[in-house]
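Student: To be precise about what I am sending: the file is called structure.cif and holds mmCIF, C-alpha atoms and all ligand atoms.
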data_entry
loop_
_atom_site.label_atom_id
_atom_site.label_comp_id
_atom_site.auth_asym_id
_atom_site.auth_seq_id
_atom_site.Cartn_x
_atom_site.Cartn_y
_atom_site.Cartn_z
CA ASP Q 1 0.00 0.00 0.00
CA THR Q 2 1.80 3.10 -1.24
CA THR Q 3 -0.96 5.58 -0.46
CA HIS Q 4 -1.05 5.04 3.35
CA GLY Q 5 -4.84 5.00 3.38
CA ALA Q 6 -5.15 8.47 1.87
CA ILE Q 7 -8.07 9.30 -0.42
CA LEU Q 8 -5.72 11.49 -2.48
CA TYR Q 9 -1.99 11.04 -2.73
CA LEU Q 10 0.24 13.33 -4.79
CA GLU Q 11 3.97 12.67 -4.87
CA ASN Q 12 6.59 14.82 -6.58
CA ILE Q 13 4.13 16.24 -9.09
CA THR Q 14 5.70 18.55 -11.64
CA VAL Q 15 3.86 20.34 -14.44
CA SER Q 16 5.99 22.20 -16.97
CA PHE Q 17 4.61 24.62 -19.53
CA ASP Q 18 7.42 25.27 -22.01
CA GLY Q 19 9.98 24.82 -19.25
CA PHE Q 20 8.09 26.94 -16.71
CA LYS Q 21 7.13 24.81 -13.70
CA ALA Q 22 3.58 25.61 -12.62
CA LEU Q 23 3.96 22.73 -10.17
CA ASN Q 24 7.39 21.79 -8.91
CA ASN Q 25 7.74 18.54 -6.94
CA LEU Q 26 4.42 18.99 -5.18
CA ASN Q 27 3.68 16.54 -2.37
CA LEU Q 28 0.27 16.43 -0.77
CA ASP Q 29 -2.08 13.85 0.63
CA ILE Q 30 -5.60 13.99 1.97
CA SER Q 31 -7.09 11.51 4.43
CA VAL Q 32 -10.58 10.06 4.19
CA GLY Q 33 -13.08 12.45 5.77
CA GLU Q 34 -10.64 15.36 5.90
CA LEU Q 35 -11.58 18.96 5.08
CA ARG Q 36 -8.37 20.49 3.73
CA CYS Q 37 -7.91 24.15 2.88
CA ILE Q 38 -5.42 25.15 0.22
CA ILE Q 39 -4.24 28.74 0.14
CA GLY Q 40 -1.47 30.58 -1.68
CA PRO Q 41 -0.93 33.75 -3.70
CA ASN Q 42 -1.98 34.09 -7.33
CA GLY Q 43 0.13 31.91 -9.58
CA ALA Q 44 1.03 29.50 -6.76
CA GLY Q 45 -0.27 26.52 -8.76
CA LYS Q 46 -3.63 25.88 -7.07
CA THR Q 47 -5.63 25.65 -10.29
CA THR Q 48 -2.96 23.54 -11.99
CA MET Q 49 -3.04 21.14 -9.04
CA MET Q 50 -6.82 20.73 -9.35
CA ASP Q 51 -6.41 20.28 -13.10
CA VAL Q 52 -3.96 17.43 -12.45
CA ILE Q 53 -6.30 15.77 -9.94
CA THR Q 54 -9.24 15.93 -12.36
CA GLY Q 55 -7.25 14.78 -15.40
CA LYS Q 56 -7.49 18.10 -17.25
CA THR Q 57 -3.70 18.50 -17.16
CA ARG Q 58 -1.19 15.66 -17.32
CA PRO Q 59 1.77 16.02 -14.97
CA THR Q 60 5.22 16.09 -16.57
CA ALA Q 61 6.44 13.92 -13.68
CA GLY Q 62 5.16 12.45 -10.46
CA THR Q 63 2.53 10.16 -9.02
CA ALA Q 64 -1.14 10.87 -8.35
CA PHE Q 65 -3.33 8.25 -6.71
CA PHE Q 66 -6.99 8.33 -5.79
CA GLY Q 67 -7.82 5.79 -3.11
CA GLN Q 68 -5.63 2.72 -2.98
CA SER Q 69 -5.28 1.90 -6.62
CA ILE Q 70 -6.59 4.49 -9.07
CA ASP Q 71 -3.73 6.14 -10.97
CA LEU Q 72 -5.12 9.56 -11.89
CA THR Q 73 -2.35 10.21 -14.41
CA ARG Q 74 -3.73 7.43 -16.63
CA LEU Q 75 -7.44 8.27 -16.65
CA THR Q 76 -9.49 10.68 -18.73
CA GLU Q 77 -11.38 13.57 -17.14
CA TYR Q 78 -14.60 11.67 -17.73
CA ASP Q 79 -13.38 8.51 -16.02
CA ILE Q 80 -12.02 10.48 -13.06
CA ALA Q 81 -15.39 12.19 -12.57
CA HIS Q 82 -17.11 8.80 -12.65
CA ALA Q 83 -14.53 7.33 -10.28
CA GLY Q 84 -15.88 9.75 -7.67
CA ILE Q 85 -14.04 13.09 -7.82
CA GLY Q 86 -16.48 15.99 -7.97
CA ARG Q 87 -15.21 19.45 -8.87
CA LYS Q 88 -16.97 22.72 -8.37
CA PHE Q 89 -15.66 25.60 -10.41
CA GLN Q 90 -15.89 29.18 -9.19
CA ARG Q 91 -18.95 30.19 -11.21
CA PRO Q 92 -22.15 28.37 -10.36
CA THR Q 93 -23.49 26.21 -13.17
CA VAL Q 94 -27.03 25.21 -12.27
CA PHE Q 95 -29.96 24.54 -14.61
CA GLU Q 96 -31.55 27.99 -14.36
CA GLN Q 97 -34.82 27.01 -16.07
CA HIS Q 98 -35.44 24.18 -13.61
CA THR Q 99 -36.55 24.28 -10.00
CA VAL Q 100 -34.18 23.72 -7.10
CA PHE Q 101 -35.74 20.29 -6.52
CA GLU Q 102 -35.38 19.35 -10.19
CA ASN Q 103 -31.73 20.39 -10.19
CA LEU Q 104 -31.01 17.97 -7.34
CA GLU Q 105 -33.15 15.28 -9.00
CA LEU Q 106 -31.30 15.67 -12.31
CA ALA Q 107 -27.92 15.56 -10.56
CA MET Q 108 -28.91 12.32 -8.82
CA LYS Q 109 -30.19 10.73 -12.02
CA MET Q 110 -27.02 11.68 -13.90
CA ASP Q 111 -25.05 9.49 -11.49
CA LYS Q 112 -24.21 6.35 -13.47
CA ARG Q 113 -24.74 4.12 -10.43
CA VAL Q 114 -28.36 5.23 -10.02
CA LYS Q 115 -30.53 2.76 -11.89
CA SER Q 116 -33.21 5.20 -12.97
CA THR Q 117 -33.83 7.19 -16.11
CA LEU Q 118 -34.54 10.88 -16.40
CA PHE Q 119 -38.28 10.20 -16.53
CA SER Q 120 -38.66 7.44 -13.96
CA ARG Q 121 -40.64 8.18 -10.80
CA LEU Q 122 -38.60 8.94 -7.71
CA THR Q 123 -38.64 6.33 -4.95
CA THR Q 124 -39.41 7.35 -1.36
CA GLU Q 125 -35.73 6.93 -0.50
CA GLN Q 126 -34.74 9.20 -3.36
CA VAL Q 127 -37.20 11.90 -2.26
CA ASP Q 128 -35.87 11.61 1.31
CA LYS Q 129 -32.33 11.96 0.02
CA ILE Q 130 -33.23 15.14 -1.87
CA ASP Q 131 -35.07 16.54 1.19
CA ALA Q 132 -32.04 15.89 3.41
CA CYS Q 133 -29.83 17.63 0.86
CA LEU Q 134 -32.23 20.62 0.68
CA ARG Q 135 -31.92 21.10 4.45
CA LEU Q 136 -28.14 20.76 4.35
CA ILE Q 137 -27.73 23.40 1.63
CA ARG Q 138 -30.21 25.74 3.35
CA LEU Q 139 -32.70 25.64 0.47
CA ASN Q 140 -35.62 23.82 2.09
CA GLY Q 141 -38.65 26.01 1.48
CA ASN Q 142 -37.16 27.06 -1.86
CA GLU Q 143 -37.44 23.71 -3.63
CA ARG Q 144 -40.14 24.92 -6.06
CA ARG Q 145 -38.25 28.08 -7.05
CA LEU Q 146 -36.52 28.32 -10.39
CA ALA Q 147 -32.77 28.03 -9.84
CA GLY Q 148 -32.26 31.10 -12.05
CA LEU Q 149 -34.08 33.21 -9.45
CA LEU Q 150 -31.79 32.26 -6.56
CA SER Q 151 -29.16 34.60 -5.13
CA HIS Q 152 -25.53 34.01 -6.11
CA GLY Q 153 -24.84 32.32 -2.76
CA GLN Q 154 -27.90 30.08 -3.03
CA LYS Q 155 -26.81 28.98 -6.51
CA GLN Q 156 -23.40 28.05 -5.10
CA TRP Q 157 -25.05 25.97 -2.36
CA LEU Q 158 -27.32 24.32 -4.90
CA GLU Q 159 -24.31 23.33 -6.97
CA ILE Q 160 -22.60 21.87 -3.91
CA GLY Q 161 -25.84 19.95 -3.27
CA MET Q 162 -25.87 18.68 -6.86
CA LEU Q 163 -22.33 17.37 -6.43
CA LEU Q 164 -23.26 15.73 -3.11
CA MET Q 165 -26.24 13.98 -4.74
CA GLN Q 166 -23.68 12.09 -6.81
CA GLU Q 167 -21.96 10.92 -3.60
CA PRO Q 168 -18.41 11.87 -4.57
CA GLN Q 169 -15.57 10.30 -2.64
CA LEU Q 170 -13.59 13.51 -2.98
CA LEU Q 171 -15.01 16.98 -3.48
CA LEU Q 172 -12.89 19.83 -4.88
CA LEU Q 173 -14.24 23.33 -4.28
CA ASP Q 174 -12.65 26.29 -6.05
CA GLU Q 175 -13.22 29.52 -4.13
CA PRO Q 176 -16.72 28.59 -2.95
CA VAL Q 177 -17.38 31.93 -1.22
CA ALA Q 178 -16.12 34.26 -3.98
CA GLY Q 179 -18.78 36.93 -4.53
CA MET Q 180 -20.84 35.93 -1.50
CA SER Q 181 -22.22 38.32 1.12
CA ASP Q 182 -20.82 38.06 4.66
CA ALA Q 183 -23.96 36.26 5.80
CA GLU Q 184 -23.76 33.77 2.93
CA THR Q 185 -20.05 33.22 3.63
CA ALA Q 186 -20.82 32.46 7.29
CA ARG Q 187 -23.54 29.98 6.29
CA THR Q 188 -21.18 28.31 3.82
CA ALA Q 189 -18.66 27.83 6.63
CA GLU Q 190 -21.42 26.20 8.73
CA LEU Q 191 -22.36 23.97 5.81
CA LEU Q 192 -18.78 22.81 5.23
CA ASN Q 193 -18.26 22.24 8.94
CA GLU Q 194 -21.32 19.94 8.85
CA LEU Q 195 -19.71 17.95 6.01
CA ARG Q 196 -16.45 17.50 7.94
CA GLY Q 197 -15.79 13.84 8.65
CA LYS Q 198 -18.54 12.68 6.29
CA HIS Q 199 -16.86 13.67 3.04
CA SER Q 200 -13.28 14.20 1.90
CA ILE Q 201 -13.07 17.80 0.72
CA MET Q 202 -10.38 20.09 -0.67
CA VAL Q 203 -11.19 23.80 -0.60
CA VAL Q 204 -9.10 26.36 -2.48
CA GLU Q 205 -9.92 29.78 -1.07
CA HIS Q 206 -8.63 33.36 -0.90
CA ASP Q 207 -10.95 34.56 1.86
CA MET Q 208 -8.79 34.14 4.99
CA GLY Q 209 -11.65 34.83 7.38
CA PHE Q 210 -13.56 31.98 5.81
CA VAL Q 211 -10.52 29.68 5.86
CA ALA Q 212 -10.09 30.43 9.57
CA GLU Q 213 -13.73 29.42 10.16
CA ILE Q 214 -13.47 26.05 8.42
CA ALA Q 215 -9.87 25.23 9.35
CA GLN Q 216 -10.33 25.36 13.12
CA GLN Q 217 -10.07 21.60 13.44
CA GLY Q 218 -8.26 20.87 10.20
CA LYS Q 219 -5.09 21.47 8.29
CA VAL Q 220 -4.16 24.28 5.91
CA THR Q 221 -1.66 23.84 3.09
CA VAL Q 222 0.09 26.88 1.63
CA LEU Q 223 1.26 26.60 -1.97
CA HIS Q 224 3.93 28.88 -3.39
CA GLU Q 225 5.74 28.63 -6.73
CA GLY Q 226 4.34 25.19 -7.40
CA SER Q 227 5.20 23.44 -4.17
CA VAL Q 228 4.11 23.27 -0.55
CA LEU Q 229 5.56 26.18 1.43
CA ALA Q 230 3.93 25.31 4.74
CA ALA Q 231 1.21 23.08 6.18
CA GLY Q 232 -0.42 22.76 9.55
CA LYS Q 233 -3.03 24.37 11.76
CA MET Q 234 -4.25 27.80 10.68
CA SER Q 235 -2.59 29.37 13.74
CA GLU Q 236 0.78 27.79 12.85
CA VAL Q 237 0.57 28.71 9.19
CA GLN Q 238 -0.43 32.32 9.98
CA ALA Q 239 2.58 32.70 12.26
CA ASP Q 240 5.04 31.19 9.76
CA GLU Q 241 7.59 33.79 8.68
CA ARG Q 242 7.84 32.36 5.16
CA VAL Q 243 4.08 32.52 4.70
CA ILE Q 244 3.93 36.11 5.95
CA GLU Q 245 6.74 37.04 3.56
CA VAL Q 246 4.98 35.45 0.58
CA TYR Q 247 1.72 37.25 1.33
CA LEU Q 248 3.09 40.62 2.43
CA GLY Q 249 6.60 40.79 1.02
CA ARG Q 250 8.07 41.44 -2.40
P1 LIG P 301 -3.21 29.74 -9.00
O1 LIG P 301 -4.45 28.96 -9.30
O2 LIG P 301 -2.60 29.40 -7.69
O3 LIG P 301 -3.40 31.21 -9.16
P2 LIG P 301 -2.24 28.56 -11.50
O4 LIG P 301 -2.20 27.10 -11.28
O5 LIG P 301 -3.39 29.12 -12.24
O6 LIG P 301 -2.08 29.31 -10.08
O7 LIG P 301 -0.91 29.00 -12.25
C1 LIG P 301 0.39 28.66 -11.82
C2 LIG P 301 1.38 29.25 -12.78
O8 LIG P 301 1.36 28.49 -13.99
C3 LIG P 301 1.10 30.69 -13.15
O9 LIG P 301 2.33 31.37 -13.24
C4 LIG P 301 0.44 30.56 -14.51
O10 LIG P 301 0.70 31.72 -15.30
C5 LIG P 301 1.10 29.33 -15.09
N1 LIG P 301 0.23 28.59 -16.02
C6 LIG P 301 -0.95 28.01 -15.70
N2 LIG P 301 -1.50 27.39 -16.77
C7 LIG P 301 -0.62 27.60 -17.81
C8 LIG P 301 -0.60 27.21 -19.20
N3 LIG P 301 -1.59 26.49 -19.73
N4 LIG P 301 0.47 27.61 -19.93
C9 LIG P 301 1.46 28.34 -19.40
N5 LIG P 301 1.51 28.71 -18.13
C10 LIG P 301 0.47 28.37 -17.33
#
Before anything else, please render the file you have as structure tokens.
Ligand code: ADP

Tutor:
Amino acid sequence: DTTHGAILYLENITVSFDGFKALNNLNLDISVGELRCIIGPNGAGKTTMMDVITGKTRPTAGTAFFGQSIDLTRLTEYDIAHAGIGRKFQRPTVFEQHTVFENLELAMKMDKRVKSTLFSRLTTEQVDKIDACLRLIRLNGNERRLAGLLSHGQKQWLEIGMLLMQEPQLLLLDEPVAGMSDAETARTAELLNELRGKHSIMVVEHDMGFVAEIAQQGKVTVLHEGSVLAAGKMSEVQADERVIEVYLGR
């Protein structure tokens, strides 16, 4: 067992673009049930790292494993998504012409493992699953609204709900609170704290207040120039001279 029980295991990942190393010997692993925050200045390599994990970019060198045996460097984006890695991009992409409930229903039915078609009647268990998700994403009471009429924050929660309906084994969230109001940001922190331990989640985020809220019990990894500059508790990372220099210096 080379992955030590991690859900995600990256070892010495390098990505070169015409000789420029967007990732440079990056090492990172995530345990099952962990909520990991990734921070780092612009250009640190955060997006490139998520592109490697989801098969959008092939590493020039290094090893990337999902679970015990899935070599991410050999799978297509499509196969990686179906293997159980869900990615949420910054902009919400919900079906605006459909209701909140229908969005969750469609997401569930798009999951290959669900043996129902788009038009088959929902079972009681499936309705219960959608109801539980509605409460989690703070949209119960809004299930009959068109998704296009939701606030920006509500659309982001709906998209997280849609990903959860597909029961991903690893969830990647790219700046989930970008553009949210303070109240929405606080509710998103609550939501993610409720998911802690139940799902393995990687959050890339610029909002340090938000990171502090969700990293209280977890670990923060700081990327800089394509590798890990520091990792640990938020309090340790914040006090690290090298981290302060990267954020404030130059
Ligand atoms: P972050 O998401 O942390 O802001 P990125 O992963 O987007 O960082 O970028 C890391 C570095 O790699 C940046 O300097 C960026 O300009 C460079 N880069 C990213 N993608 C490409 C590409 N397709 N071709 C050339 N350079 C790239």

Student: All residues within 9 Å of ligand LIG 301 (chain P) are required, counting all atoms listed in the file; please report them as a ChimeraX atom specification.

Tutor: /Q:15-18,20-23,39-51,57,204,223-226

Student: As an exercise, work out the distance from atom CA of Lys233 of chain Q to atom CA of Asn27 of chain Q in Å and give it to one decimal place.

Tutor: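 Going from atom CA of Lys233 of chain Q over to atom CA of Asn27 of chain Q, I get 17.5 Å.
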
Student: From the list Q:Ser227, Q:His152, Q:Leu106, Q:Leu118, which residue is nearest Thr14 of chain Q when using all atoms listed in the file?

Tutor: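 Among the listed residues, Q:Ser227 lies closest to Thr14 of chain Q.
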
Student: Nearest to Asn25 of chain Q among Q:Ala189, Q:Leu75, Q:Val228, Q:Val94, with distances taken over all atoms listed in the file: which residue is it?

Tutor: Q:Val228

Student: Which is closest to Lys219 of chain Q among Q:Lys155, Q:Glu236, Q:His98, Q:Asp128, if we use all atoms listed in the file?

Tutor: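 When distances to Lys219 of chain Q are compared using all atoms listed in the file, the smallest one comes from Q:Glu236.
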
Student: Find the residues near Ile80 of chain Q: any atom within 10 Å, counting only C-alpha atoms, skip ones fewer than 6 places away on the same chain, and give them as a list in words.

Tutor: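 Here the answer would be Ile53, Thr54, Gly55, Lys56, Phe66, Ile70, Asp71, Leu72, Thr73, Arg74 and Gly86 of chain Q.
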
Student: Just give me the gap between atom CA of Arg145 of chain Q and atom CA of His199 of chain Q in Å, one decimal is fine.

Tutor: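 Straight-line distance from atom CA of Arg145 of chain Q to atom CA of His199 of chain Q works out to 27.7 Å.
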
Student: Would you mind telling me which residue in Q:Leu134, Q:Tyr247, Q:Glu105, Q:Trp157 lies nearest to Ser120 of chain Q when using all atoms listed in the file?

Tutor: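 The closest residue to Ser120 of chain Q is Q:Glu105.
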
Student: How about completing segment 36-48 of chain Q with N, CA and C atoms and giving it to me as a compact mmCIF listing (two decimals), in the frame of the given file?

Tutor:
# COMPACT_ATOMS: atom_id res chain seq x y z
N ARG Q 36 -9.67 19.84 3.87
CA ARG Q 36 -8.37 20.49 3.73
C ARG Q 36 -8.51 21.80 2.98
N CYS Q 37 -7.92 22.85 3.56
CA CYS Q 37 -7.91 24.15 2.88
C CYS Q 37 -6.57 24.35 2.19
N ILE Q 38 -6.63 24.83 0.97
CA ILE Q 38 -5.42 25.15 0.22
C ILE Q 38 -5.42 26.66 -0.03
N ILE Q 39 -4.36 27.32 0.42
CA ILE Q 39 -4.24 28.74 0.14
C ILE Q 39 -2.92 29.00 -0.58
N GLY Q 40 -2.70 30.23 -0.97
CA GLY Q 40 -1.47 30.58 -1.68
C GLY Q 40 -1.74 31.73 -2.62
N PRO Q 41 -0.73 32.57 -2.85
CA PRO Q 41 -0.93 33.75 -3.70
C PRO Q 41 -1.26 33.36 -5.14
N ASN Q 42 -1.71 34.33 -5.91
CA ASN Q 42 -1.98 34.09 -7.33
C ASN Q 42 -0.75 33.52 -8.01
N GLY Q 43 -0.98 32.51 -8.85
CA GLY Q 43 0.13 31.91 -9.58
C GLY Q 43 0.84 30.82 -8.81
N ALA Q 44 0.37 30.51 -7.60
CA ALA Q 44 1.03 29.50 -6.76
C ALA Q 44 0.92 28.09 -7.33
N GLY Q 45 -0.10 27.86 -8.17
CA GLY Q 45 -0.27 26.52 -8.76
C GLY Q 45 -1.53 25.80 -8.31
N LYS Q 46 -2.42 26.51 -7.64
CA LYS Q 46 -3.63 25.88 -7.07
C LYS Q 46 -4.53 25.30 -8.18
N THR Q 47 -4.77 26.11 -9.20
CA THR Q 47 -5.63 25.65 -10.29
C THR Q 47 -4.98 24.49 -11.04
N THR Q 48 -3.68 24.61 -11.28
CA THR Q 48 -2.96 23.54 -11.99
C THR Q 48 -3.04 22.24 -11.19
